[in-house]
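Novice: If you scroll down you'll find the structure; I have some questions about it.
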Amino acid sequence: MDTKALTQKIKKSAKDFSFSHIGIAEAKTYKEDYTSLNNWIQNGYHASMHWIENRLAERSNILEYYPNAESVIIVTQNYYTGNTSSSKGIGKFSNYAWGDDYHVVIKKKLYELLAEIKGYDPELDGIVCVDTSPIMEKAWAQRAGIGWIGKHTNLITKDIGSWFFLGSIIINKKLEYDNFYEQDLCGTCTACIDDCPTGAIIDAYQLDSNKCISYLTIEHRGDLPDEYQDKLDGWIYGCDICQETCPWNKKFAEVTNVDGFKPRDGVKNKSLKDWSNISEEEYKKIFKKSAVKRTKYSGLMRNIKANL
Ligand code: B12
Ligand code: SF4
Ligand code: SF4
């Protein structure tokens, strides 16, 4: 099958798995990935996420990670459920964590997609990545023509805003490539920078994880630094403020077609006081196969206490 026909078949298959967007970029070394990631690490903006610096070489050069890589197929999966947890006294969870663990949901679809496209060419091989693989997913999505990286540092699309996850399949076959997304449609807006309660977006397109509530409530281990103890603003897992305030989401957000992302029983509208009384057993039951497991029971209890 020629490159054009293979590309078309892959795009058609991805659409059948009802991803919101699909784009394809050429897998090669982009020196700017090393420069931006290395600068970010040198400034200490990765905080205690040493797993980022440990795989700097692979993360900033796809050929170090997967030497046979020729093409990166990027998809987006909308997770917006239309729910927010904004009432006072309620424990707030980021939209993305209301339901089933997205790593599992998206990987399952991508493995099925990979199996299908392997059928188009006996020599085609590839790997599936969702979040945890050492690649810079937002940069690849911009190269694959899907959208632009906003000032809050998340990828935004013109049609549905930014409430989506990114996933990819790296394959060993050349395809036809989409054009880099050149436009930056943030314009003069600075809403995300202005509304971030901790000043974590230290400059446009620059996030200092040390100050970010998402980092503090999910990735940080041990006690919260003193200066952030009373700044969590009700968030007990993740933080959505910079996305909630973004005009692209206010105008264009669409509700997801994945039922599994909708809020589970017992997660929505629970007061901080009720959260503070849940046992480890209850925690395990409520968050079975949920991304919230990442912060562990002790981390969630720490976050709840800081908000009381
Ligand atoms: C580490 C990480 C975090 C860290 C650091 C965030 C960050 N900005 O990097 C923490 C824990 C804080 C975090 C939080 C969140 N994360 Co996160 N995270 C990642 C992860 C694993 C790596 C990101 C990375 O490489 N960072 C390194 C630095 C160098 O990149 P950077 O901030 O993007 O900054 C550079 C670029 O902006 C670059 N740049 C590139 N292009 C351009 C263009 C211009 C014009 C300019 C000026 C700069 C620029 O310059 C900057 C560095 O100098 C990715 C998954 C993956 N494998 O990629 C998910 C990922 C980025 N996270 C995701 C999500 C959903 C979130 C949260 C929304 C979750 C939540 N609600 O709590 C928050 C959002 C916080 C925020 N404002 O960014 C999604 C984003 C989807 C999307 N629409 O973009 C991803 C892609 C996971 C996934 N598979 O879906 N995350
Ligand atoms: S996730 Fe919250 S704390 Fe982090 S940059 Fe966005 S608004 Fe600020
Ligand atoms: S809030 Fe404004 S500046 Fe921030 S990402 Fe959205 S459009 Fe860009």
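Naming works like this for the structure tokens: A, B, ... for the chains as they're shown, residue 1 at the start of each chain, ligands 1 onward in shown order.
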Neighbours of ligand 2 at 9 Å or closer, counting only C-alpha atoms and all ligand atoms: which residues, as a PyMOL selection string?

Specialist: chain A and resi 152-153+192-193+195-202+207-209+211-216+232+235+238-245

Novice: With only C-alpha atoms and all ligand atoms counted, collect every polymer residue having an atom within 12 Å of ligand 3; state the result as a PyMOL selection string.

Specialist: chain A and resi 147-158+161-163+183-196+201+203-207+240-252

Novice: Taking C-alpha atoms for each residue, export the selection above as a tab-separated table (two decimals), in the first residue's frame.

Specialist:
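Listed below is the output, selection-v6.tsv:
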chain	number	residue	atom	x	y	z
A	147	GLY	CA	-3.75	22.94	18.02
A	148	TRP	CA	-1.52	25.42	19.81
A	149	ILE	CA	0.10	25.45	23.25
A	150	GLY	CA	-1.70	28.16	25.22
A	151	LYS	CA	-0.19	30.52	27.77
A	152	HIS	CA	-1.29	28.10	30.52
A	153	THR	CA	0.89	25.52	28.71
A	154	ASN	CA	-1.94	23.15	27.73
A	155	LEU	CA	-2.79	22.35	24.12
A	156	ILE	CA	-5.92	24.12	22.85
A	157	THR	CA	-8.00	23.40	19.76
A	158	LYS	CA	-10.21	25.86	17.94
A	161	GLY	CA	-10.93	24.09	23.62
A	162	SER	CA	-8.53	22.14	25.86
A	163	TRP	CA	-10.55	19.61	27.88
A	183	GLN	CA	-1.36	30.09	14.82
A	184	ASP	CA	-1.27	31.18	18.45
A	185	LEU	CA	-4.87	32.14	19.19
A	186	CYS	CA	-4.27	33.34	22.77
A	187	GLY	CA	-3.83	36.85	21.42
A	188	THR	CA	-3.75	39.49	24.16
A	189	CYS	CA	-5.71	37.35	26.65
A	190	THR	CA	-4.00	36.69	30.01
A	191	ALA	CA	-7.00	35.24	31.94
A	192	CYS	CA	-5.19	32.02	32.95
A	193	ILE	CA	-2.16	33.93	34.25
A	194	ASP	CA	-4.34	36.43	36.12
A	195	ASP	CA	-6.64	33.82	37.70
A	196	CYS	CA	-4.10	31.23	38.80
A	201	ILE	CA	2.17	30.50	35.37
A	203	ASP	CA	5.18	34.01	32.50
A	204	ALA	CA	3.24	33.23	29.36
A	205	TYR	CA	3.97	29.59	28.36
A	206	GLN	CA	6.08	29.01	31.50
A	207	LEU	CA	4.77	26.89	34.35
A	240	ASP	CA	-8.82	23.29	36.61
A	241	ILE	CA	-8.82	27.04	37.19
A	242	CYS	CA	-6.61	28.02	34.25
A	243	GLN	CA	-8.77	25.92	31.92
A	244	GLU	CA	-12.11	26.99	33.40
A	245	THR	CA	-11.23	30.63	32.84
A	246	CYS	CA	-10.03	30.15	29.27
A	247	PRO	CA	-12.39	31.74	26.72
A	248	TRP	CA	-11.82	28.85	24.32
A	249	ASN	CA	-13.31	26.45	26.86
A	250	LYS	CA	-16.08	28.80	27.91
A	251	LYS	CA	-17.21	29.05	24.30
A	252	PHE	CA	-16.44	25.70	22.72

Novice: When you count only C-alpha atoms, which of these residues is closest to A:Ile218: A:Ile41, A:Ile171, A:Met301, A:Ile73?

Specialist: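 Once distances to A:Ile218 are computed over only C-alpha atoms, the minimum belongs to A:Met301.
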
Novice: Could you pull out the strand (DSSP E or B) residues of stretch 58-131 of chain A, going by DSSP on the backbone, and write them as a list in words?

Specialist: Ser71, Val72, Ile73, Ile74, Val75, Thr76, Gln77, Asn78, Ile90, Lys92, Phe93, Gly126, Ile127, Val128 and Cys129 of chain A

Novice: Would you please work out which residue, of A:Leu300, A:Ile106, A:Ile127, A:Ile90, is nearest to ligand 1 when using only C-alpha atoms and all ligand atoms?

Specialist: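 Going through A:Leu300, A:Ile106, A:Ile127, A:Ile90 one by one, the smallest distance to ligand 1 is for A:Ile106.
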
Novice: Hey, what's within 7 Å of stretch 253-256 of chain A if we count only C-alpha atoms and toss same-chain stuff fewer than 6 positions away? As a list in words, please?

Specialist: Asn78, Tyr79, Tyr80, Thr81, Gly82, Ile160 and Gly161 of chain A

Novice: Counting only C-alpha atoms, which residue out of A:Val72, A:Ile52, A:Cys129, A:Leu63 sits closest to A:Lys173?

Specialist: A:Val72

Novice: Nearest to A:Gly299 among A:Asn38, A:Thr217, A:Ser71, A:Ser60, with distances taken over only C-alpha atoms: which residue is it?

Specialist: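 Result for the nearest residue to A:Gly299: A:Thr217.
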
Novice: Using only C-alpha atoms and all ligand atoms, which residue out of A:Ala141, A:Val258, A:Ile24, A:Met136 lies closest to ligand 1?

Specialist: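 The closest residue to ligand 1 is A:Met136.
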